[in-house]
$ cat protein_18.cif   # mmCIF, C-alpha atoms
data_data
#
loop_
_atom_site.label_atom_id
_atom_site.label_comp_id
_atom_site.auth_asym_id
_atom_site.auth_seq_id
_atom_site.Cartn_x
_atom_site.Cartn_y
_atom_site.Cartn_z
CA MET Y 5 41.75 105.15 132.25
CA ALA Y 6 43.92 102.60 130.40
CA ARG Y 7 43.85 104.80 127.31
CA ARG Y 8 45.16 107.76 129.30
CA GLN Y 9 48.01 105.62 130.71
CA VAL Y 10 48.99 104.47 127.23
CA THR Y 11 48.97 108.09 126.02
CA MET Y 12 51.12 109.14 128.96
CA LEU Y 13 53.59 106.37 128.12
CA LEU Y 14 53.69 107.20 124.42
CA LEU Y 15 54.13 110.95 124.81
CA PRO Y 16 57.74 110.85 126.11
CA LEU Y 17 58.57 108.26 123.45
CA GLY Y 18 57.25 110.59 120.76
CA ALA Y 19 59.21 113.49 122.24
CA LEU Y 20 62.35 111.33 122.19
CA LEU Y 21 61.88 110.40 118.54
CA TRP Y 22 61.15 113.95 117.41
CA ALA Y 23 63.77 115.65 119.57
CA THR Y 24 66.14 117.96 117.67
CA THR Y 25 69.20 115.96 118.65
CA ALA Y 26 67.69 112.73 117.32
CA MET Y 27 67.03 114.46 113.97
CA GLY Y 28 70.43 116.05 113.52
CA CYS Y 29 71.69 113.83 110.70
CA PRO Y 30 73.45 115.54 107.75
CA PHE Y 31 70.47 114.87 105.47
CA CYS Y 32 67.64 115.56 107.93
CA HIS Y 33 65.29 118.47 107.19
CA THR Y 34 65.62 119.97 110.65
CA GLU Y 35 67.36 123.00 112.08
CA THR Y 36 70.22 120.85 113.38
CA GLY Y 37 70.38 118.85 110.16
CA ILE Y 38 70.67 122.04 108.08
CA ALA Y 39 73.45 123.34 110.39
CA VAL Y 40 75.33 120.01 110.16
CA ARG Y 41 75.00 119.98 106.37
CA ALA Y 42 76.21 123.58 106.16
CA GLY Y 43 79.19 122.71 108.39
CA ILE Y 44 80.18 119.75 106.21
CA PHE Y 45 79.54 121.01 102.67
CA ASP Y 46 81.07 124.45 103.04
CA VAL Y 47 83.95 126.05 101.12
CA GLN Y 48 86.43 124.00 103.14
CA PHE Y 49 84.95 120.65 102.06
CA PRO Y 50 87.49 119.89 99.27
CA SER Y 51 90.53 120.83 101.38
CA ARG Y 52 89.21 118.84 104.37
CA LEU Y 53 88.55 115.83 102.14
CA VAL Y 54 92.12 115.95 100.82
CA ALA Y 55 93.51 116.38 104.36
CA VAL Y 56 91.45 113.52 105.83
CA LEU Y 57 92.40 111.11 103.04
CA SER Y 58 96.03 112.24 102.72
CA PRO Y 59 97.63 109.28 104.61
CA PHE Y 60 96.16 106.69 102.22
CA PRO Y 61 98.10 107.47 99.01
CA LEU Y 62 101.32 107.14 101.01
CA LEU Y 63 100.13 103.90 102.62
CA LEU Y 64 99.21 102.52 99.18
CA LEU Y 65 102.60 103.57 97.84
CA VAL Y 66 104.29 101.48 100.55
CA VAL Y 67 102.03 98.50 99.73
CA VAL Y 68 102.86 98.83 96.01
CA ALA Y 69 106.57 98.99 96.90
CA LEU Y 70 106.26 95.79 98.95
CA HIS Y 71 104.23 94.08 96.20
CA THR Y 72 106.67 94.92 93.43
CA GLY Y 73 109.78 94.15 95.47
CA TRP Y 74 110.94 97.69 96.15
CA THR Y 75 111.77 96.76 99.74
CA PRO Y 76 114.46 98.52 101.83
CA ASN Y 77 116.83 95.57 101.21
CA ALA Y 78 116.32 95.70 97.44
CA LEU Y 79 116.68 99.45 97.44
CA GLY Y 80 119.92 99.16 99.46
CA THR Y 81 121.28 96.54 97.05
CA ARG Y 82 120.43 98.75 94.06
CA ILE Y 83 122.04 101.81 95.69
CA ARG Y 84 125.20 99.84 96.58
CA ALA Y 85 125.38 98.49 93.00
CA GLY Y 86 124.97 102.04 91.65
CA VAL Y 87 127.70 103.38 93.93
CA LYS Y 88 130.06 100.54 92.88
CA LYS Y 89 129.33 101.25 89.20
CA CYS Y 90 130.05 104.97 89.67
CA GLY Y 91 133.26 104.13 91.57
CA ALA Y 92 134.42 101.82 88.79
CA ARG Y 93 133.75 104.51 86.18
CA LEU Y 94 135.74 107.08 88.16
CA ARG Y 95 138.71 104.72 88.42
CA MET D 10 111.84 89.14 101.62
CA ILE D 11 111.62 86.28 99.14
CA ALA D 12 109.50 86.46 95.99
CA SER D 13 107.10 83.76 97.16
CA GLN D 14 106.25 85.79 100.30
CA ARG D 15 105.20 88.95 98.45
CA PRO D 16 101.52 88.16 97.70
CA LEU D 17 100.97 87.17 101.36
CA VAL D 18 102.86 90.26 102.60
CA THR D 19 100.73 92.51 100.35
CA ALA D 20 97.50 90.94 101.64
CA GLY D 21 98.63 91.05 105.28
CA THR D 22 99.84 94.65 105.04
CA LEU D 23 96.56 95.83 103.49
CA LEU D 24 94.60 93.97 106.18
CA GLY D 25 96.88 95.41 108.88
CA ILE D 26 96.32 98.97 107.59
CA GLY D 27 92.56 98.44 107.41
CA LEU D 28 92.22 96.74 110.79
CA GLY D 29 94.62 99.26 112.38
CA GLY D 30 92.28 102.00 111.18
CA VAL D 31 89.30 100.13 112.60
CA VAL D 32 91.06 99.73 115.99
CA ASP D 33 91.83 103.48 115.98
CA GLY D 34 88.19 104.29 115.16
CA ILE D 35 86.64 101.93 117.70
CA LEU D 36 89.07 102.62 120.56
CA PHE D 37 89.88 106.33 120.28
CA HIS D 38 86.85 107.71 118.41
CA GLN D 39 84.00 105.65 119.83
CA ILE D 40 84.85 103.93 123.16
CA LEU D 41 87.27 106.42 124.74
CA GLN D 42 85.96 109.40 122.67
CA LEU D 43 89.31 111.16 123.11
CA HIS D 44 89.15 112.67 119.64
CA ASN D 45 87.38 112.54 116.30
CA MET D 46 88.66 113.27 112.82
CA LEU D 47 88.69 117.08 112.90
CA THR D 48 88.53 117.88 116.63
CA ALA D 49 91.56 120.20 116.49
CA ILE D 50 89.75 122.48 114.00
CA VAL D 51 86.08 121.67 114.78
CA PRO D 52 85.97 121.11 118.57
CA LYS D 53 83.25 118.76 119.89
CA ASP D 54 81.44 121.47 121.86
CA THR D 55 77.99 121.34 120.23
CA ILE D 56 75.82 118.61 118.75
CA VAL D 57 76.38 120.13 115.28
CA HIS D 58 80.17 119.95 115.69
CA VAL D 59 79.95 116.37 117.03
CA GLU D 60 77.96 115.37 113.95
CA ILE D 61 80.36 117.14 111.56
CA ASN D 62 83.23 115.18 113.16
CA MET D 63 81.16 111.98 112.93
CA PHE D 64 80.74 112.56 109.16
CA TRP D 65 84.51 112.92 108.65
CA ASP D 66 85.11 109.84 110.84
CA GLY D 67 82.83 107.99 108.44
CA ILE D 68 84.76 109.19 105.37
CA PHE D 69 88.05 108.08 106.94
CA HIS D 70 86.72 104.69 108.00
CA THR D 71 85.19 104.10 104.57
CA ILE D 72 88.74 104.07 103.20
CA THR D 73 89.99 101.78 106.00
CA TRP D 74 87.08 99.46 105.11
CA ILE D 75 88.15 99.51 101.42
CA MET D 76 91.74 98.67 102.51
CA THR D 77 90.40 95.70 104.50
CA VAL D 78 88.34 94.45 101.55
CA LEU D 79 91.39 94.78 99.26
CA GLY D 80 93.37 92.78 101.83
CA VAL D 81 90.76 90.01 101.81
CA ILE D 82 90.80 89.92 97.96
CA PHE D 83 94.62 89.74 97.87
CA LEU D 84 94.61 87.06 100.61
CA PHE D 85 92.07 84.98 98.67
CA ARG D 86 94.15 85.26 95.50
CA ALA D 87 97.37 84.41 97.37
CA GLY D 88 95.66 81.35 98.85
CA GLN D 89 94.89 80.04 95.37
CA ARG D 90 98.52 80.19 94.24
CA ARG D 91 100.82 77.19 94.72
CA ASP D 92 103.99 79.27 94.48
CA VAL D 93 103.09 81.44 97.51
CA VAL D 94 104.39 80.42 100.93
CA SER D 95 101.67 79.55 103.42
CA SER D 96 103.28 80.89 106.56
CA ASN D 97 101.67 82.17 109.76
CA LYS D 98 104.84 84.07 110.66
CA THR D 99 104.90 85.99 107.37
CA PHE D 100 101.18 86.73 107.56
CA VAL D 101 101.23 87.90 111.21
CA GLY D 102 104.40 89.90 110.44
CA ALA D 103 102.65 91.60 107.51
CA LEU D 104 99.57 92.34 109.66
CA THR D 105 101.85 93.92 112.29
CA LEU D 106 103.70 95.84 109.59
CA GLY D 107 100.42 97.17 108.19
CA TRP D 108 99.14 98.24 111.60
CA GLY D 109 102.46 99.97 112.29
CA LEU D 110 102.37 101.73 108.92
CA PHE D 111 98.86 102.99 109.69
CA ASN D 112 99.86 104.36 113.13
CA PHE D 113 103.09 105.89 111.84
CA ILE D 114 101.76 107.51 108.66
CA GLU D 115 98.33 108.52 110.00
CA GLY D 116 99.93 109.80 113.21
CA GLY D 117 102.67 111.63 111.32
CA ILE D 118 100.39 113.33 108.79
CA ASN D 119 97.12 113.89 110.69
CA HIS D 120 98.48 114.49 114.22
CA HIS D 121 101.86 116.13 113.63
CA ILE D 122 101.96 117.72 110.15
CA LEU D 123 98.35 118.75 109.43
CA GLY D 124 97.19 118.88 113.09
CA LEU D 125 93.66 117.65 112.27
CA HIS D 126 93.33 115.91 115.63
CA HIS D 127 95.48 114.63 118.50
CA VAL D 128 95.31 111.46 120.60
CA VAL D 129 94.01 113.42 123.62
CA GLU D 130 92.46 116.52 122.07
CA ARG D 131 92.21 118.35 125.40
CA LEU D 132 96.04 118.32 125.63
CA GLY D 133 96.75 119.19 121.98
CA LEU D 134 100.01 117.78 120.57
CA SER D 135 101.21 115.81 123.59
CA VAL D 136 103.36 112.88 124.66
CA PHE D 137 100.48 110.58 123.65
CA ASP D 138 100.92 111.61 120.00
CA TRP D 139 104.62 110.77 120.18
CA LEU D 140 103.75 107.42 121.82
CA PHE D 141 101.27 106.74 118.99
CA LEU D 142 104.02 107.48 116.46
CA ALA D 143 106.51 105.32 118.40
CA SER D 144 104.01 102.44 118.54
CA GLY D 145 103.86 102.65 114.74
CA ALA D 146 107.66 102.51 114.42
CA VAL D 147 107.89 99.55 116.83
CA LEU D 148 105.14 97.62 115.03
CA ILE D 149 106.82 98.28 111.64
CA ALA D 150 110.16 96.99 112.99
CA VAL D 151 108.61 93.90 114.63
CA GLY D 152 106.57 93.07 111.51
CA TRP D 153 109.49 93.58 109.12
CA LEU D 154 111.87 91.48 111.27
CA ALA D 155 109.31 88.65 111.43
CA ILE D 156 108.93 88.70 107.63
CA GLN D 157 112.71 88.76 107.12
CA ALA D 158 113.30 85.93 109.65
CA ASP D 159 110.71 83.82 107.85
CA ALA D 160 112.29 84.69 104.49
CA LYS D 161 115.65 83.33 105.69
CA HIS D 162 113.95 80.19 107.02
CA HIS D 163 112.12 79.53 103.72
CA ALA D 164 115.19 80.38 101.59
CA ALA D 165 117.31 77.93 103.62
CA ALA D 166 114.61 75.24 103.41
CA SER D 167 114.28 75.67 99.63
CA ARG D 168 118.08 75.57 99.20
CA ALA D 169 118.22 72.33 101.19
CA GLY D 170 115.30 70.80 99.26
CA ASN D 171 115.92 72.12 95.78
CA SER D 172 118.96 74.07 94.70
CA SER D 173 117.13 75.56 91.68
CA HIS D 174 114.23 76.96 93.73
CA PRO D 175 113.03 80.32 92.31
CA ASP D 176 113.04 82.03 95.75
CA ARG D 177 115.55 84.84 96.02
CA ILE D 178 116.10 87.33 98.84
CA SER D 179 115.37 90.89 97.72
#
$ encode --input "protein_18.cif" --output "structure tokens"
Amino acid sequence: MARRQVTMLLLPLGALLWATTAMGCPFCHTETGIAVRAGIFDVQFPSRLVAVLSPFPLLLLVVVALHTGWTPNALGTRIRAGVKKCGARLR
Amino acid sequence: MIASQRPLVTAGTLLGIGLGGVVDGILFHQILQLHNMLTAIVPKDTIVHVEINMFWDGIFHTITWIMTVLGVIFLFRAGQRRDVVSSNKTFVGALTLGWGLFNFIEGGINHHILGLHHVVERLGLSVFDWLFLASGAVLIAVGWLAIQADAKHHAAASRAGNSSHPDRIS
């Protein structure tokens, strides 16, 4: 009797572990896993990778600008100095 | 910004970008589940599509994690230098600046230009995307003003203490 109860308890647990949704990881050898893998590593993979990561080069560029002193103030000072120089040459 | 602030600003900005990305991922992708990385082109209507989006979320958040680690490395190095100002205001300002940069640039490119996803995917490009962009602009302004205010404070203090201090406003 106790053995039957244990089996009845374990059966849903087994079903939960082996359910398709629980085995849908990109590297799982299941129907869902194969579909997920196909959806990720398709012909659009390189373009999607570039699109997803596209904000980071710009963010890093801003960080490099801050680190090296190319701040808006410094840029403004350099532009003003350039304009003055050009003005002096014209005169 | 004065020269002695720069290492701390770099570290804080990197940490702000990384942590801003983490906030975006936890709040919008996981808790509220309003969108995932590619929901405008791969809608979350099947388990396969949910998992494809989850994969691209992971790729995006790997980079935000790398940004955070870089921030920690830069912060550690800045902490070892005697010529770097140790200022809460500069650091919090840089964190705010970084978070703002993340919202503004990620929002601008991914939401508005490329249209990979939107804040509330059900609505498409909506007022919430413009609010996300505006939050970025406000955070950038607040962070930058805090850094600049602290720069003036430190420049004045160094002028009063030592007229030949290397700090210069740039």
$ resolve_selection --input "protein_18.cif" --expression "the PyMOL selection byres ((chain D) within 10 of (chain Y))" --output "PyMOL selection string"
chain D and resi 10-12+14-23+26+46-47+51+56-66+68-70+72-73+76+107+110-111+113-119+123-125+157+178-179
$ write_last_selection --input "protein_18.cif" --atoms "C-alpha atoms" --output "PDB file, keeping the file's coordinate frame"
ATOM      1  CA  MET D  10     111.840  89.140 101.620  1.00  0.00           C
ATOM      2  CA  ILE D  11     111.620  86.280  99.140  1.00  0.00           C
ATOM      3  CA  ALA D  12     109.500  86.460  95.990  1.00  0.00           C
ATOM      4  CA  GLN D  14     106.250  85.790 100.300  1.00  0.00           C
ATOM      5  CA  ARG D  15     105.200  88.950  98.450  1.00  0.00           C
ATOM      6  CA  PRO D  16     101.520  88.160  97.700  1.00  0.00           C
ATOM      7  CA  LEU D  17     100.970  87.170 101.360  1.00  0.00           C
ATOM      8  CA  VAL D  18     102.860  90.260 102.600  1.00  0.00           C
ATOM      9  CA  THR D  19     100.730  92.510 100.350  1.00  0.00           C
ATOM     10  CA  ALA D  20      97.500  90.940 101.640  1.00  0.00           C
ATOM     11  CA  GLY D  21      98.630  91.050 105.280  1.00  0.00           C
ATOM     12  CA  THR D  22      99.840  94.650 105.040  1.00  0.00           C
ATOM     13  CA  LEU D  23      96.560  95.830 103.490  1.00  0.00           C
ATOM     14  CA  ILE D  26      96.320  98.970 107.590  1.00  0.00           C
ATOM     15  CA  MET D  46      88.660 113.270 112.820  1.00  0.00           C
ATOM     16  CA  LEU D  47      88.690 117.080 112.900  1.00  0.00           C
ATOM     17  CA  VAL D  51      86.080 121.670 114.780  1.00  0.00           C
ATOM     18  CA  ILE D  56      75.820 118.610 118.750  1.00  0.00           C
ATOM     19  CA  VAL D  57      76.380 120.130 115.280  1.00  0.00           C
ATOM     20  CA  HIS D  58      80.170 119.950 115.690  1.00  0.00           C
ATOM     21  CA  VAL D  59      79.950 116.370 117.030  1.00  0.00           C
ATOM     22  CA  GLU D  60      77.960 115.370 113.950  1.00  0.00           C
ATOM     23  CA  ILE D  61      80.360 117.140 111.560  1.00  0.00           C
ATOM     24  CA  ASN D  62      83.230 115.180 113.160  1.00  0.00           C
ATOM     25  CA  MET D  63      81.160 111.980 112.930  1.00  0.00           C
ATOM     26  CA  PHE D  64      80.740 112.560 109.160  1.00  0.00           C
ATOM     27  CA  TRP D  65      84.510 112.920 108.650  1.00  0.00           C
ATOM     28  CA  ASP D  66      85.110 109.840 110.840  1.00  0.00           C
ATOM     29  CA  ILE D  68      84.760 109.190 105.370  1.00  0.00           C
ATOM     30  CA  PHE D  69      88.050 108.080 106.940  1.00  0.00           C
ATOM     31  CA  HIS D  70      86.720 104.690 108.000  1.00  0.00           C
ATOM     32  CA  ILE D  72      88.740 104.070 103.200  1.00  0.00           C
ATOM     33  CA  THR D  73      89.990 101.780 106.000  1.00  0.00           C
ATOM     34  CA  MET D  76      91.740  98.670 102.510  1.00  0.00           C
ATOM     35  CA  GLY D 107     100.420  97.170 108.190  1.00  0.00           C
ATOM     36  CA  LEU D 110     102.370 101.730 108.920  1.00  0.00           C
ATOM     37  CA  PHE D 111      98.860 102.990 109.690  1.00  0.00           C
ATOM     38  CA  PHE D 113     103.090 105.890 111.840  1.00  0.00           C
ATOM     39  CA  ILE D 114     101.760 107.510 108.660  1.00  0.00           C
ATOM     40  CA  GLU D 115      98.330 108.520 110.000  1.00  0.00           C
ATOM     41  CA  GLY D 116      99.930 109.800 113.210  1.00  0.00           C
ATOM     42  CA  GLY D 117     102.670 111.630 111.320  1.00  0.00           C
ATOM     43  CA  ILE D 118     100.390 113.330 108.790  1.00  0.00           C
ATOM     44  CA  ASN D 119      97.120 113.890 110.690  1.00  0.00           C
ATOM     45  CA  LEU D 123      98.350 118.750 109.430  1.00  0.00           C
ATOM     46  CA  GLY D 124      97.190 118.880 113.090  1.00  0.00           C
ATOM     47  CA  LEU D 125      93.660 117.650 112.270  1.00  0.00           C
ATOM     48  CA  GLN D 157     112.710  88.760 107.120  1.00  0.00           C
ATOM     49  CA  ILE D 178     116.100  87.330  98.840  1.00  0.00           C
ATOM     50  CA  SER D 179     115.370  90.890  97.720  1.00  0.00           C
TER      51      SER D 179
END
$ atom_distance --input "protein_18.cif" --atom1 "CA of Leu36 in chain D" --atom2 "CA of Ser144 in chain D"
15.1 Å
$ residues_around --input "protein_18.cif" --residues "Thr99 in chain D" --least-positions-apart "5" --cutoff "7 Å" --atoms "only C-alpha atoms" --output "list in words"
Val18, Ala155, Ile156 and Asp159 of chain D
$ residues_around --input "protein_18.cif" --residues "Leu148 in chain D" --least-positions-apart "2" --cutoff "7 Å" --atoms "all atoms listed in the file" --output "PyMOL selection string"
chain D and resi 105-106+108-109+144-146+150-152
$ residues_near_point --input "protein_18.cif" --point "(100.5, 82.3, 95.3)" --cutoff "9 Å" --atoms "all atoms listed in the file" --output "list in words"
Ser13, Gln14, Arg15, Pro16, Leu17, Arg86, Ala87, Gly88, Gln89, Arg90, Arg91, Asp92, Val93, Val94 and Ser95 of chain D
$ atom_distance --input "protein_18.cif" --atom1 "CA of Leu28 in chain D" --atom2 "CA of Trp74 in chain D"
8.1 Å
$ residues_around --input "protein_18.cif" --residues "Val81 in chain D" --least-positions-apart "4" --cutoff "8 Å" --atoms "all atoms listed in the file" --output "VMD selection string"
chain D and resid 20 24 77 85
$ closest_residue --input "protein_18.cif" --among "Y:Arg82, Y:Ala6, Y:Gln48, Y:Arg93" --to "Ile50 in chain D" --atoms "all atoms listed in the file"
Y:Gln48
$ atom_distance --input "protein_18.cif" --atom1 "CA of Arg131 in chain D" --atom2 "CA of Ala143 in chain D"
20.6 Å
$ closest_residue --input "protein_18.cif" --among "D:Val147, D:Ala165, D:Leu154, D:Val128" --to "Asn45 in chain D" --atoms "all atoms listed in the file"
D:Val128
$ build_atoms --input "protein_18.cif" --residues "range 137-163 of chain D" --atoms "N, CA and C atoms" --output "PDB file, in the frame of the given file"
ATOM      1  N   PHE D 137     101.270 111.701 124.180  1.00  0.00           N
ATOM      2  CA  PHE D 137     100.480 110.580 123.650  1.00  0.00           C
ATOM      3  C   PHE D 137     100.587 110.486 122.131  1.00  0.00           C
ATOM      4  N   ASP D 138     100.735 111.631 121.457  1.00  0.00           N
ATOM      5  CA  ASP D 138     100.920 111.610 120.000  1.00  0.00           C
ATOM      6  C   ASP D 138     102.268 111.022 119.623  1.00  0.00           C
ATOM      7  N   TRP D 139     103.283 111.341 120.425  1.00  0.00           N
ATOM      8  CA  TRP D 139     104.620 110.770 120.180  1.00  0.00           C
ATOM      9  C   TRP D 139     104.622 109.274 120.478  1.00  0.00           C
ATOM     10  N   LEU D 140     103.855 108.854 121.512  1.00  0.00           N
ATOM     11  CA  LEU D 140     103.750 107.420 121.820  1.00  0.00           C
ATOM     12  C   LEU D 140     103.027 106.682 120.688  1.00  0.00           C
ATOM     13  N   PHE D 141     102.017 107.326 120.120  1.00  0.00           N
ATOM     14  CA  PHE D 141     101.270 106.740 118.990  1.00  0.00           C
ATOM     15  C   PHE D 141     102.215 106.526 117.803  1.00  0.00           C
ATOM     16  N   LEU D 142     103.038 107.542 117.541  1.00  0.00           N
ATOM     17  CA  LEU D 142     104.020 107.480 116.460  1.00  0.00           C
ATOM     18  C   LEU D 142     105.055 106.378 116.741  1.00  0.00           C
ATOM     19  N   ALA D 143     105.517 106.333 118.004  1.00  0.00           N
ATOM     20  CA  ALA D 143     106.510 105.320 118.400  1.00  0.00           C
ATOM     21  C   ALA D 143     105.922 103.919 118.287  1.00  0.00           C
ATOM     22  N   SER D 144     104.645 103.758 118.654  1.00  0.00           N
ATOM     23  CA  SER D 144     104.010 102.440 118.540  1.00  0.00           C
ATOM     24  C   SER D 144     104.018 101.997 117.071  1.00  0.00           C
ATOM     25  N   GLY D 145     103.814 102.954 116.165  1.00  0.00           N
ATOM     26  CA  GLY D 145     103.860 102.650 114.740  1.00  0.00           C
ATOM     27  C   GLY D 145     105.239 102.160 114.327  1.00  0.00           C
ATOM     28  N   ALA D 146     106.279 102.880 114.777  1.00  0.00           N
ATOM     29  CA  ALA D 146     107.660 102.510 114.420  1.00  0.00           C
ATOM     30  C   ALA D 146     108.007 101.127 114.965  1.00  0.00           C
ATOM     31  N   VAL D 147     107.590 100.854 116.211  1.00  0.00           N
ATOM     32  CA  VAL D 147     107.890  99.550 116.830  1.00  0.00           C
ATOM     33  C   VAL D 147     107.176  98.428 116.076  1.00  0.00           C
ATOM     34  N   LEU D 148     105.904  98.653 115.749  1.00  0.00           N
ATOM     35  CA  LEU D 148     105.140  97.620 115.030  1.00  0.00           C
ATOM     36  C   LEU D 148     105.728  97.371 113.639  1.00  0.00           C
ATOM     37  N   ILE D 149     106.182  98.440 112.971  1.00  0.00           N
ATOM     38  CA  ILE D 149     106.820  98.280 111.640  1.00  0.00           C
ATOM     39  C   ILE D 149     108.074  97.415 111.784  1.00  0.00           C
ATOM     40  N   ALA D 150     108.904  97.736 112.793  1.00  0.00           N
ATOM     41  CA  ALA D 150     110.160  96.990 112.990  1.00  0.00           C
ATOM     42  C   ALA D 150     109.879  95.529 113.311  1.00  0.00           C
ATOM     43  N   VAL D 151     108.935  95.285 114.227  1.00  0.00           N
ATOM     44  CA  VAL D 151     108.610  93.900 114.630  1.00  0.00           C
ATOM     45  C   VAL D 151     108.079  93.124 113.420  1.00  0.00           C
ATOM     46  N   GLY D 152     107.160  93.735 112.677  1.00  0.00           N
ATOM     47  CA  GLY D 152     106.570  93.070 111.510  1.00  0.00           C
ATOM     48  C   GLY D 152     107.609  92.762 110.455  1.00  0.00           C
ATOM     49  N   TRP D 153     108.471  93.755 110.160  1.00  0.00           N
ATOM     50  CA  TRP D 153     109.490  93.580 109.120  1.00  0.00           C
ATOM     51  C   TRP D 153     110.492  92.503 109.512  1.00  0.00           C
ATOM     52  N   LEU D 154     110.908  92.496 110.799  1.00  0.00           N
ATOM     53  CA  LEU D 154     111.870  91.480 111.270  1.00  0.00           C
ATOM     54  C   LEU D 154     111.274  90.086 111.188  1.00  0.00           C
ATOM     55  N   ALA D 155     109.977  89.963 111.510  1.00  0.00           N
ATOM     56  CA  ALA D 155     109.310  88.650 111.430  1.00  0.00           C
ATOM     57  C   ALA D 155     109.278  88.161 109.986  1.00  0.00           C
ATOM     58  N   ILE D 156     108.981  89.072 109.059  1.00  0.00           N
ATOM     59  CA  ILE D 156     108.930  88.700 107.630  1.00  0.00           C
ATOM     60  C   ILE D 156     110.325  88.284 107.148  1.00  0.00           C
ATOM     61  N   GLN D 157     111.343  89.054 107.542  1.00  0.00           N
ATOM     62  CA  GLN D 157     112.710  88.760 107.120  1.00  0.00           C
ATOM     63  C   GLN D 157     113.209  87.439 107.717  1.00  0.00           C
ATOM     64  N   ALA D 158     112.889  87.188 108.997  1.00  0.00           N
ATOM     65  CA  ALA D 158     113.300  85.930 109.650  1.00  0.00           C
ATOM     66  C   ALA D 158     112.670  84.745 108.924  1.00  0.00           C
ATOM     67  N   ASP D 159     111.400  84.897 108.560  1.00  0.00           N
ATOM     68  CA  ASP D 159     110.710  83.820 107.850  1.00  0.00           C
ATOM     69  C   ASP D 159     111.275  83.642 106.443  1.00  0.00           C
ATOM     70  N   ALA D 160     111.689  84.758 105.835  1.00  0.00           N
ATOM     71  CA  ALA D 160     112.290  84.690 104.490  1.00  0.00           C
ATOM     72  C   ALA D 160     113.564  83.848 104.534  1.00  0.00           C
ATOM     73  N   LYS D 161     114.393  84.085 105.560  1.00  0.00           N
ATOM     74  CA  LYS D 161     115.650  83.330 105.690  1.00  0.00           C
ATOM     75  C   LYS D 161     115.355  81.852 105.884  1.00  0.00           C
ATOM     76  N   HIS D 162     114.337  81.576 106.737  1.00  0.00           N
ATOM     77  CA  HIS D 162     113.950  80.190 107.020  1.00  0.00           C
ATOM     78  C   HIS D 162     113.509  79.488 105.729  1.00  0.00           C
ATOM     79  N   HIS D 163     112.645  80.137 104.950  1.00  0.00           N
ATOM     80  CA  HIS D 163     112.120  79.530 103.720  1.00  0.00           C
ATOM     81  C   HIS D 163     113.210  79.414 102.650  1.00  0.00           C
TER      82      HIS D 163
END
